[in-house]
Amino acid sequence: MIKLTLNGDQKQFHGDPDSSLLKYLRVEQRVVSVKDGCSPQGACGCCAVELNGKVVLSCVIPMKKAADGKVRTLDGLDDWTRTVLADAFAQCGGAQCAFCIPGIAMRAQNLLSSNPEPSDDEIRKSLNQHLCRCTGYQKIIESIRVAGDSLRTGEPVPHHARASGVGTRRRKYKIEDAVLGDRPYVADLEVERMLHGALRLSDHPRARLASIDTSKALAIKGVHRVFLADDVPGQRSVGLIVPDWPLLVAAGEVTRYVGDVIACVAADSRHIAVLAAQAIEVEYEVLEPVTDMFEAIKPGCAKVHNSGNILGVSRAKRGDVDEAFAKCAFISEHTYETQRIEHGYLEPEACLVEPREGGIKAYSQSQGVYEDRRQLALLLGLDQTQVDVELVPNGGGFGGKEDLCTQGHAALMAYLLQRPVMLEISRDESIRMHPKRHPIHMEYKLGCSSDGKLLALRARMHGDTGAYASVGMKVLERACGHATGAYYVPHVDIEATAVYTNNVPCGAMRGFGANQANFALECAVDELCETGGFDRWQFRYDNALTEGRSTATGQVLASGVGVRATLEAVKEQFECARYAGIACGLKNTGIGNGMPDSGTVRLLIKAPDHIELHHGWTEMGQGVHTVAVQSFCEETGLPADIVTVHVETSHETPCGMTTASRATSLVGNAIIEGCKQLCEDLKTHALSDLVGREYFGEWVCAWTNKPGKTDGGPVCTHYSYSYATQVVVLNDDGSIDRVVAAHDAGRVINPTLFEGQIEGSVHMGLGYALTESLVMEGGRFQSTRLRKCGILRARDMPAVEVIAVEVPDEFGPYGAKGVGEIGLVPTAPAVSNALYMYDKIRRRTLPMKPVTTPTP
């Protein structure tokens with residue numbers, strides 16, 4: 001028996017002394033303010049608690065080390081300290097998805113108790129054991145500093161003006177509870193009679209399953225059932241676009257990557273379920289995996305899918321490239337390569353599913369609850385009306401939570417057992433299973449005239465899309481459509497190919513193909529400037545897209561083009577720096593490409609002081625709930641405090657994926673439509689007279705066309721674009737001093753959220769440029785440890801200066817454009833171009849090698 005004190009209460013522990021303190025807190029004591037981001041890796045800091053006055057990572061502390069100790073979590077802090085921490089992070093924008101923040105808040109209060117007025121460097125140092133993928137750390141540091149001021153002086157955290165409309169710094173919706181760990185994520189949920197699930201993954205990237213023996217698993221006490229492929233009552237293979245991804249691989253079939261699921265287990269506890277999954281014995285006929293995408297497209301190569309190894313080819317062709325190159329005075333022709341990287345969201349995948357009469361209800365962290373509903377209905381052989389999916393705001397997504405991961409397996413187990421089932425996977429399993437950013441090989445030939453006008457681009461891109469389609473063909477399509485970046489190039493010949501291999505699938509990730517293409521393009525632009533003797537800023541300004549100029553797809557931009565405005569915003573800092581790199585960027589708002597797209601909302605007047613706002617978008621840290629509330633307040637003049645936001649498919653507010661900077665545009669416009677009749681009614685009625693009424697709003701974009709349109713009519717592949725310029729300034733030792741990021745947001749709905757999105761994007765972009773890589777060899781990961789992914793910590797981050805540029809979009813709500821993805825599109829090439837100015841070494845492969853001795 002182990003005795004300890006938990007938040008002032010005496011406790012006794014009778015279990016395994018080597019089991020973790022984290023497991024004790026979350027499972028036995030149900031202290032879910034302590035989050036599990038990577039256990040038992042000890043890499044993320046989400047599980048930080050105090051043990052005998054010192055902050056420790058509870059996932060690596062065995063219970064025997066806590067014997068006779070005093071453990072304190074956020075729940076054990078006094079009310080004043082809790083209020084200050086919550087208010088400081090809410091006010092400063094220090095919490096986005098907030099999954100990492102309870103651990104950071106625990107660290108912060110410990111630091112401030114011994115050092116009431118720490119410097120920013122001291123705060124950074126204190127955060128060495130913590131990761132945040134959302135914020136870039138600047139607003140976390142500010143939050144801790146502000147909290148320290150309040151704790152030291154006894155004064156409350158100052159509030160911004162409490163205005164709630166568009167353009168105000170309204171606090172993020174219900175973020176205070178998330179800061180303190182009181183807002184539940186999926187894995188924090190618990191219901192009566194709940195079972196736990198676990199998965200048995202493939203041991204090989206490509207192997208035929210000769211046999212599956214579940215007898216040892218079934219013999220373990222507490223196991224309720226083992227599920228195999230034959231148990232799936234509906235369509236076993238599903239997918240976002242192509243239904244090529246099996247929920248479970250059957251005996252006799254061939255696995256396609258090491259994240260394939262062979263079986264799943266339901267048991268009384270997660271521990272028992274994991275032991276049972278490990279006990280499932282699988283015999284294989286091991287086959288040689290297809291891991292090189294260029295080998296994969298050769299005739300005679302083994303097929304990953306029966307359809308062949310080419311998932312899709314996208315093309316953009318305009319003008320006469322050969323003739324244009326003949327007229328070019330300067331040409332840059334090189335090969336560029338980008339790497340596979342992990343999304344690194346701090347919340348691993350989890351799903352809770354409950355059986356309901358004739359169907360199920362799923363609690364999902366997905367980036368698209370309506371897409372979850374569609375695929376779950378297919379898997380279970382149900383009508384979509386029999387499947388209800390409720391969003392639980394997630395702990396980060398960045399595109400990596402678009403595809404089904406745990407939802408399908410949890411649904412299968414819950415539906416067949418008629419018991420609630422929670423399926424929560426480990427960090428190692430998460431890295432093995434979910435799609436990553438595409439590694440893309442790019443051959444770029446870019447030419448300009450003697451006076452510095454871009455004339456022609458020929459590009460050939462190949463992306464390793466891995467074992468399953470996900471949205472791989474669309475990522476390469478975006479790379480193709482963004483191949484000319486923020487510039488007008490009259491003659492283009494671009495081809496982008498997505499290739500199946502037996503590597504981990506690759507799909508959506510922040511930037512969605514534009515990052516890769518822009519790295520090649522902006523490096524080539526700098527090389528042309530050097531060869532031709534052109535000023536790097538002026539060359540970009542002269543060639544920048546403007547109204548009347550066209551993108552790579554041939555779309556002529558009619559209005560709202562802010563490239564030059566972002567260049568003007570950084571000009572002085574760029575020209576005054578000794579060593580600086582510059583890059584522009586554009587990124588479509590993911591509405592268009594020939595597909596009608598819409599957003600819908602329902603406004604339910606529940607009481608004079610309560611309005612429910614229902615929409616279909618995922619809150620994952622970007623602030624879509626906050627944008628929805630601010631848009632509602634802007635339209636109606638009603639106070640924000642009476643609005644609650646809900647996302648659940650049973651309320652029928654269908655929309656697509658929360659990705660590609662779409663949500664602000666679609667939810668904002670839908671709310672504007674939905675509020676029109678409400679505002680009319682409020683002219684003649686008190687709100688109390690409208691109780692029980694419902695208002696519906698829908699906004700549809702149906703005027704775009706597919707890339708490659710050749711019927712002679714106008715080309716409009718995307719409804720809107722965002723624009724940016726970034727400057728990376730180096731110190732005299734070649735390290736990065738600061739990043740200046742000027743972004744055209746059209747209209748900034750909330751300046752705090754806008755700044756946070758760009759700062760977090762730059763953090764991700766710097767990691768992409770310099771440190772991050774998820775290496776595979778022979779279809780296997782070199783490591784599935786989060787620490788090995790290369791994600792930058794607070795000590796690694798330079799200063800980031802965000803400059804808001806507002807060139808309104810004619811279709812965006814209040815003129816707004818998307819900001820979530822554009823933030824890192826220019827970052828990697830800006831770093832590359834800065835490093836070249838320092839040591840005159842061209843870097844055409846990511847991640848880049850560090851600087852060497854500068855050229856005098």
# chains A, B, ... in the order shown; residues from 1 in each chain; ligands from 1
$ select_by_dssp --residues "region 445-507 of chain A" --states "helix (DSSP H, G or I)" --output "PyMOL selection string"
chain A and resi 472-481
$ residues_around --residues "Val71 (chain A)" --least-positions-apart "3" --cutoff "8 Å" --atoms "only C-alpha atoms" --output "PDB file with C-alpha atoms, in the first residue's frame"
ATOM      1  CA  LEU A   4       0.012  10.016  -0.433  1.00  0.00           C
ATOM      2  CA  THR A   5      -1.723  13.356  -0.197  1.00  0.00           C
ATOM      3  CA  LEU A   6      -3.662  14.563  -3.240  1.00  0.00           C
ATOM      4  CA  ASN A   7      -4.781  18.194  -3.215  1.00  0.00           C
ATOM      5  CA  VAL A  49       1.710  18.204 -11.593  1.00  0.00           C
ATOM      6  CA  GLU A  50       3.447  19.187  -8.392  1.00  0.00           C
ATOM      7  CA  LEU A  51       5.077  16.477  -6.304  1.00  0.00           C
ATOM      8  CA  ASN A  52       6.467  17.737  -3.019  1.00  0.00           C
ATOM      9  CA  ALA A  66       4.930   9.371  -4.884  1.00  0.00           C
TER      10      ALA A  66
END
$ atom_distance --atom1 "CA of Gly167 (chain A)" --atom2 "CA of Gly756 (chain A)"
14.7 Å
$ closest_atom_pairs --of "region 739-793 of chain A" --to "region 279-303 of chain A" --cutoff "8 Å" --atoms "only C-alpha atoms" --output "Markdown table"
| residue | atom | partner | partner_atom | distance |
| --- | --- | --- | --- | --- |
| A:Glu777 | CA | A:Thr291 | CA | 8.0 |
| A:Gly778 | CA | A:Thr291 | CA | 6.2 |
| A:Gly779 | CA | A:Thr291 | CA | 5.9 |
$ write_last_selection --atoms "C-alpha atoms" --output "tab-separated table (two decimals), in the first residue's frame"
chain	number	residue	atom	x	y	z
A	777	GLU	CA	12.90	3.26	-43.88
A	778	GLY	CA	11.50	0.18	-45.53
A	779	GLY	CA	7.97	1.28	-44.68
$ closest_residue --among "A:Ala517, A:Ala583, A:Met433, A:Ala411" --to "Leu567 (chain A)" --atoms "only C-alpha atoms"
A:Ala583
$ closest_residue --among "A:Leu603, A:Ile360, A:Cys47, A:Val304" --to "Glu390 (chain A)" --atoms "only C-alpha atoms"
A:Ile360
$ residues_around --residues "Asp597 (chain A)" --least-positions-apart "2" --cutoff "12 Å" --atoms "only C-alpha atoms" --output "ChimeraX atom specification"
/A:589-595,599-600,654-657,662-663,665-667,670,698-705,718-719
$ select_by_dssp --residues "region 519-665 of chain A" --states "strand (DSSP E or B)" --output "ChimeraX atom specification"
/A:544,550,556,580-588,592,597-607,610-614,643-646,648
$ write_last_selection --atoms "N, CA and C atoms" --output "compact mmCIF listing (two decimals), in the first residue's frame"
# COMPACT_ATOMS: atom_id res chain seq x y z
N ALA A 544 4.10 40.58 -58.69
CA ALA A 544 3.03 40.14 -57.79
C ALA A 544 1.68 40.13 -58.49
N SER A 550 -3.60 36.63 -63.45
CA SER A 550 -4.14 35.29 -63.22
C SER A 550 -3.17 34.40 -62.45
N VAL A 556 -8.46 34.64 -63.30
CA VAL A 556 -8.15 36.07 -63.27
C VAL A 556 -8.75 36.65 -62.00
N ALA A 580 18.87 38.97 -44.45
CA ALA A 580 17.42 38.77 -44.43
C ALA A 580 16.97 37.98 -45.64
N GLY A 581 15.99 37.16 -45.42
CA GLY A 581 15.33 36.44 -46.52
C GLY A 581 13.89 36.89 -46.60
N ILE A 582 13.35 36.83 -47.80
CA ILE A 582 11.98 37.28 -48.03
C ILE A 582 11.27 36.25 -48.90
N ALA A 583 9.99 36.09 -48.66
CA ALA A 583 9.16 35.22 -49.50
C ALA A 583 7.72 35.67 -49.39
N CYS A 584 7.02 35.60 -50.50
CA CYS A 584 5.59 35.86 -50.53
C CYS A 584 4.85 34.52 -50.55
N GLY A 585 3.55 34.61 -50.47
CA GLY A 585 2.75 33.39 -50.53
C GLY A 585 1.29 33.70 -50.77
N LEU A 586 0.59 32.74 -51.34
CA LEU A 586 -0.86 32.81 -51.38
C LEU A 586 -1.41 31.44 -51.05
N LYS A 587 -2.63 31.43 -50.54
CA LYS A 587 -3.29 30.17 -50.24
C LYS A 587 -4.78 30.37 -50.45
N ASN A 588 -5.35 29.44 -51.24
CA ASN A 588 -6.79 29.53 -51.45
C ASN A 588 -7.54 29.29 -50.15
N GLY A 592 -14.40 25.68 -53.40
CA GLY A 592 -14.35 25.78 -54.85
C GLY A 592 -13.86 24.52 -55.53
N ASP A 597 -20.33 24.47 -52.37
CA ASP A 597 -19.97 24.41 -50.96
C ASP A 597 -20.88 25.34 -50.18
N SER A 598 -21.19 24.96 -48.97
CA SER A 598 -22.14 25.77 -48.21
C SER A 598 -21.84 25.71 -46.73
N GLY A 599 -22.38 26.66 -46.02
CA GLY A 599 -22.40 26.67 -44.57
C GLY A 599 -23.82 26.93 -44.11
N THR A 600 -24.22 26.28 -43.03
CA THR A 600 -25.57 26.46 -42.51
C THR A 600 -25.52 26.69 -41.00
N VAL A 601 -26.51 27.43 -40.50
CA VAL A 601 -26.63 27.66 -39.06
C VAL A 601 -28.10 27.60 -38.67
N ARG A 602 -28.33 27.26 -37.41
CA ARG A 602 -29.65 27.36 -36.81
C ARG A 602 -29.53 28.17 -35.52
N LEU A 603 -30.41 29.12 -35.37
CA LEU A 603 -30.46 29.96 -34.18
C LEU A 603 -31.74 29.62 -33.44
N LEU A 604 -31.61 29.06 -32.25
CA LEU A 604 -32.75 28.63 -31.45
C LEU A 604 -32.91 29.57 -30.26
N ILE A 605 -34.04 30.25 -30.19
CA ILE A 605 -34.30 31.16 -29.08
C ILE A 605 -34.87 30.33 -27.94
N LYS A 606 -34.04 29.99 -26.98
CA LYS A 606 -34.44 29.08 -25.89
C LYS A 606 -35.06 29.82 -24.71
N ALA A 607 -34.62 31.05 -24.49
CA ALA A 607 -35.11 31.86 -23.37
C ALA A 607 -34.70 33.30 -23.65
N HIS A 610 -31.03 33.26 -23.42
CA HIS A 610 -30.29 32.11 -23.94
C HIS A 610 -30.67 31.84 -25.39
N ILE A 611 -29.66 31.94 -26.25
CA ILE A 611 -29.81 31.59 -27.66
C ILE A 611 -28.79 30.51 -28.00
N GLU A 612 -29.25 29.42 -28.58
CA GLU A 612 -28.35 28.38 -29.06
C GLU A 612 -27.99 28.66 -30.52
N LEU A 613 -26.69 28.64 -30.79
CA LEU A 613 -26.20 28.81 -32.14
C LEU A 613 -25.63 27.47 -32.59
N HIS A 614 -26.26 26.84 -33.57
CA HIS A 614 -25.82 25.54 -34.06
C HIS A 614 -25.16 25.71 -35.42
N VAL A 643 -25.26 33.60 -25.68
CA VAL A 643 -25.12 32.67 -26.79
C VAL A 643 -24.31 31.44 -26.37
N THR A 644 -24.83 30.27 -26.65
CA THR A 644 -24.05 29.03 -26.52
C THR A 644 -23.94 28.40 -27.90
N VAL A 645 -22.80 27.78 -28.16
CA VAL A 645 -22.50 27.23 -29.49
C VAL A 645 -22.50 25.71 -29.42
N HIS A 646 -23.11 25.08 -30.42
CA HIS A 646 -23.26 23.62 -30.43
C HIS A 646 -22.96 23.08 -31.83
N GLU A 648 -23.57 19.36 -33.54
CA GLU A 648 -24.07 18.00 -33.43
C GLU A 648 -24.92 17.71 -34.65
$ residues_around --residues "Ala830 (chain A)" --least-positions-apart "4" --cutoff "10 Å" --atoms "only C-alpha atoms" --output "PyMOL selection string"
chain A and resi 519+522-523+526+580-584+725-729+739+765-766+769+825-826+834-836
$ closest_atom_pairs --of "region 345-394 of chain A" --to "region 90-103 of chain A" --cutoff "10 Å" --atoms "only C-alpha atoms" --output "CSV"
residue,atom,partner,partner_atom,distance
A:Tyr345,CA,A:Phe99,CA,8.9
A:Leu346,CA,A:Phe99,CA,6.4
A:Glu347,CA,A:Phe99,CA,6.5
A:Pro393,CA,A:Cys97,CA,7.9
A:Asn394,CA,A:Cys97,CA,6.6
$ write_last_selection --atoms "C-alpha atoms" --output "mmCIF file, in the first residue's frame"
data_model
loop_
_atom_site.group_PDB
_atom_site.id
_atom_site.type_symbol
_atom_site.label_atom_id
_atom_site.label_comp_id
_atom_site.auth_asym_id
_atom_site.auth_seq_id
_atom_site.Cartn_x
_atom_site.Cartn_y
_atom_site.Cartn_z
ATOM 1 C CA TYR A 345 -1.285 17.998 -32.179
ATOM 2 C CA LEU A 346 -1.038 17.423 -28.461
ATOM 3 C CA GLU A 347 -4.277 15.447 -28.075
ATOM 4 C CA PRO A 393 -13.726 20.529 -29.173
ATOM 5 C CA ASN A 394 -10.404 18.946 -29.899
#
$ residues_around --residues "Glu342 (chain A)" --least-positions-apart "5" --cutoff "7 Å" --atoms "only C-alpha atoms" --output "count of residues only"
4
$ residues_around --residues "Gln129 (chain A)" --least-positions-apart "2" --cutoff "12 Å" --atoms "only C-alpha atoms" --output "JSON, numbers by chain"
{"A": [41, 42, 43, 44, 45, 46, 47, 48, 55, 56, 57, 100, 103, 104, 107, 123, 124, 125, 126, 127, 131, 132, 787, 792, 793, 794, 795]}
$ decode --residues "region 206-236 of chain A" --atoms "N, CA, C and O atoms" --output "compact mmCIF listing (two decimals), in the first residue's frame"
# COMPACT_ATOMS: atom_id res chain seq x y z
N ARG A 206 3.84 -4.43 -45.58
CA ARG A 206 3.19 -5.18 -46.68
C ARG A 206 3.36 -6.66 -46.40
O ARG A 206 4.48 -7.19 -46.43
N ALA A 207 2.25 -7.30 -46.09
CA ALA A 207 2.30 -8.72 -45.79
C ALA A 207 0.90 -9.30 -45.91
O ALA A 207 -0.09 -8.64 -45.60
N ARG A 208 0.84 -10.54 -46.37
CA ARG A 208 -0.44 -11.23 -46.43
C ARG A 208 -0.72 -11.86 -45.07
O ARG A 208 0.16 -12.48 -44.46
N LEU A 209 -1.95 -11.65 -44.58
CA LEU A 209 -2.31 -12.21 -43.29
C LEU A 209 -2.67 -13.69 -43.48
O LEU A 209 -3.72 -14.03 -44.03
N ALA A 210 -1.77 -14.54 -43.02
CA ALA A 210 -2.00 -15.98 -43.17
C ALA A 210 -3.03 -16.49 -42.17
O ALA A 210 -3.90 -17.30 -42.50
N SER A 211 -2.96 -15.99 -40.91
CA SER A 211 -3.93 -16.40 -39.91
C SER A 211 -3.95 -15.40 -38.77
O SER A 211 -2.96 -14.69 -38.53
N ILE A 212 -5.09 -15.36 -38.08
CA ILE A 212 -5.26 -14.47 -36.92
C ILE A 212 -5.82 -15.32 -35.78
O ILE A 212 -6.92 -15.87 -35.88
N ASP A 213 -5.05 -15.44 -34.70
CA ASP A 213 -5.45 -16.28 -33.57
C ASP A 213 -5.80 -15.38 -32.38
O ASP A 213 -4.93 -14.70 -31.82
N THR A 214 -7.06 -15.37 -32.00
CA THR A 214 -7.52 -14.50 -30.92
C THR A 214 -7.73 -15.24 -29.60
O THR A 214 -8.19 -14.64 -28.63
N SER A 215 -7.38 -16.51 -29.54
CA SER A 215 -7.73 -17.33 -28.37
C SER A 215 -7.09 -16.81 -27.09
O SER A 215 -7.73 -16.78 -26.03
N LYS A 216 -5.82 -16.41 -27.14
CA LYS A 216 -5.16 -15.92 -25.93
C LYS A 216 -5.77 -14.61 -25.46
O LYS A 216 -5.87 -14.36 -24.25
N ALA A 217 -6.17 -13.78 -26.39
CA ALA A 217 -6.81 -12.52 -26.02
C ALA A 217 -8.14 -12.77 -25.34
O ALA A 217 -8.47 -12.15 -24.31
N LEU A 218 -8.92 -13.68 -25.89
CA LEU A 218 -10.24 -13.97 -25.34
C LEU A 218 -10.17 -14.62 -23.96
O LEU A 218 -11.11 -14.55 -23.18
N ALA A 219 -9.03 -15.24 -23.67
CA ALA A 219 -8.88 -15.92 -22.39
C ALA A 219 -8.57 -14.97 -21.24
O ALA A 219 -8.62 -15.35 -20.07
N ILE A 220 -8.25 -13.73 -21.55
CA ILE A 220 -7.90 -12.75 -20.52
C ILE A 220 -9.17 -12.26 -19.83
O ILE A 220 -10.14 -11.87 -20.48
N LYS A 221 -9.17 -12.30 -18.52
CA LYS A 221 -10.33 -11.88 -17.75
C LYS A 221 -10.63 -10.40 -18.01
O LYS A 221 -9.73 -9.56 -17.97
N GLY A 222 -11.88 -10.12 -18.24
CA GLY A 222 -12.28 -8.75 -18.49
C GLY A 222 -12.45 -8.42 -19.96
O GLY A 222 -12.93 -7.33 -20.30
N VAL A 223 -12.04 -9.31 -20.87
CA VAL A 223 -12.22 -9.10 -22.31
C VAL A 223 -13.65 -9.50 -22.69
O VAL A 223 -14.11 -10.58 -22.36
N HIS A 224 -14.33 -8.62 -23.38
CA HIS A 224 -15.71 -8.90 -23.79
C HIS A 224 -15.79 -9.48 -25.19
O HIS A 224 -16.62 -10.35 -25.45
N ARG A 225 -14.95 -8.99 -26.09
CA ARG A 225 -15.02 -9.51 -27.46
C ARG A 225 -13.82 -9.01 -28.25
O ARG A 225 -13.29 -7.92 -27.99
N VAL A 226 -13.39 -9.82 -29.20
CA VAL A 226 -12.40 -9.41 -30.20
C VAL A 226 -13.12 -9.30 -31.54
O VAL A 226 -13.89 -10.19 -31.92
N PHE A 227 -12.86 -8.24 -32.25
CA PHE A 227 -13.56 -7.96 -33.51
C PHE A 227 -12.58 -8.08 -34.67
O PHE A 227 -11.48 -7.52 -34.64
N LEU A 228 -13.01 -8.81 -35.70
CA LEU A 228 -12.23 -9.00 -36.92
C LEU A 228 -13.01 -8.45 -38.11
O LEU A 228 -14.17 -8.01 -37.97
N ALA A 229 -12.40 -8.51 -39.27
CA ALA A 229 -12.98 -7.91 -40.47
C ALA A 229 -14.38 -8.42 -40.77
O ALA A 229 -15.26 -7.67 -41.20
N ASP A 230 -14.60 -9.71 -40.56
CA ASP A 230 -15.91 -10.30 -40.87
C ASP A 230 -17.03 -9.76 -39.98
O ASP A 230 -18.22 -9.96 -40.28
N ASP A 231 -16.67 -9.09 -38.91
CA ASP A 231 -17.69 -8.56 -38.00
C ASP A 231 -18.28 -7.24 -38.48
O ASP A 231 -19.28 -6.78 -37.92
N VAL A 232 -17.67 -6.62 -39.47
CA VAL A 232 -18.16 -5.32 -39.94
C VAL A 232 -19.47 -5.55 -40.69
O VAL A 232 -19.50 -6.22 -41.72
N PRO A 233 -20.58 -4.97 -40.21
CA PRO A 233 -21.87 -5.27 -40.83
C PRO A 233 -22.15 -4.53 -42.13
O PRO A 233 -23.03 -4.91 -42.89
N GLY A 234 -21.40 -3.47 -42.39
CA GLY A 234 -21.65 -2.67 -43.58
C GLY A 234 -20.48 -2.72 -44.54
O GLY A 234 -19.85 -3.75 -44.75
N GLN A 235 -20.18 -1.56 -45.12
CA GLN A 235 -19.10 -1.43 -46.10
C GLN A 235 -17.78 -1.31 -45.35
O GLN A 235 -17.56 -0.36 -44.61
N ARG A 236 -16.89 -2.26 -45.56
CA ARG A 236 -15.70 -2.34 -44.70
C ARG A 236 -14.65 -1.29 -45.05
O ARG A 236 -13.87 -0.87 -44.17
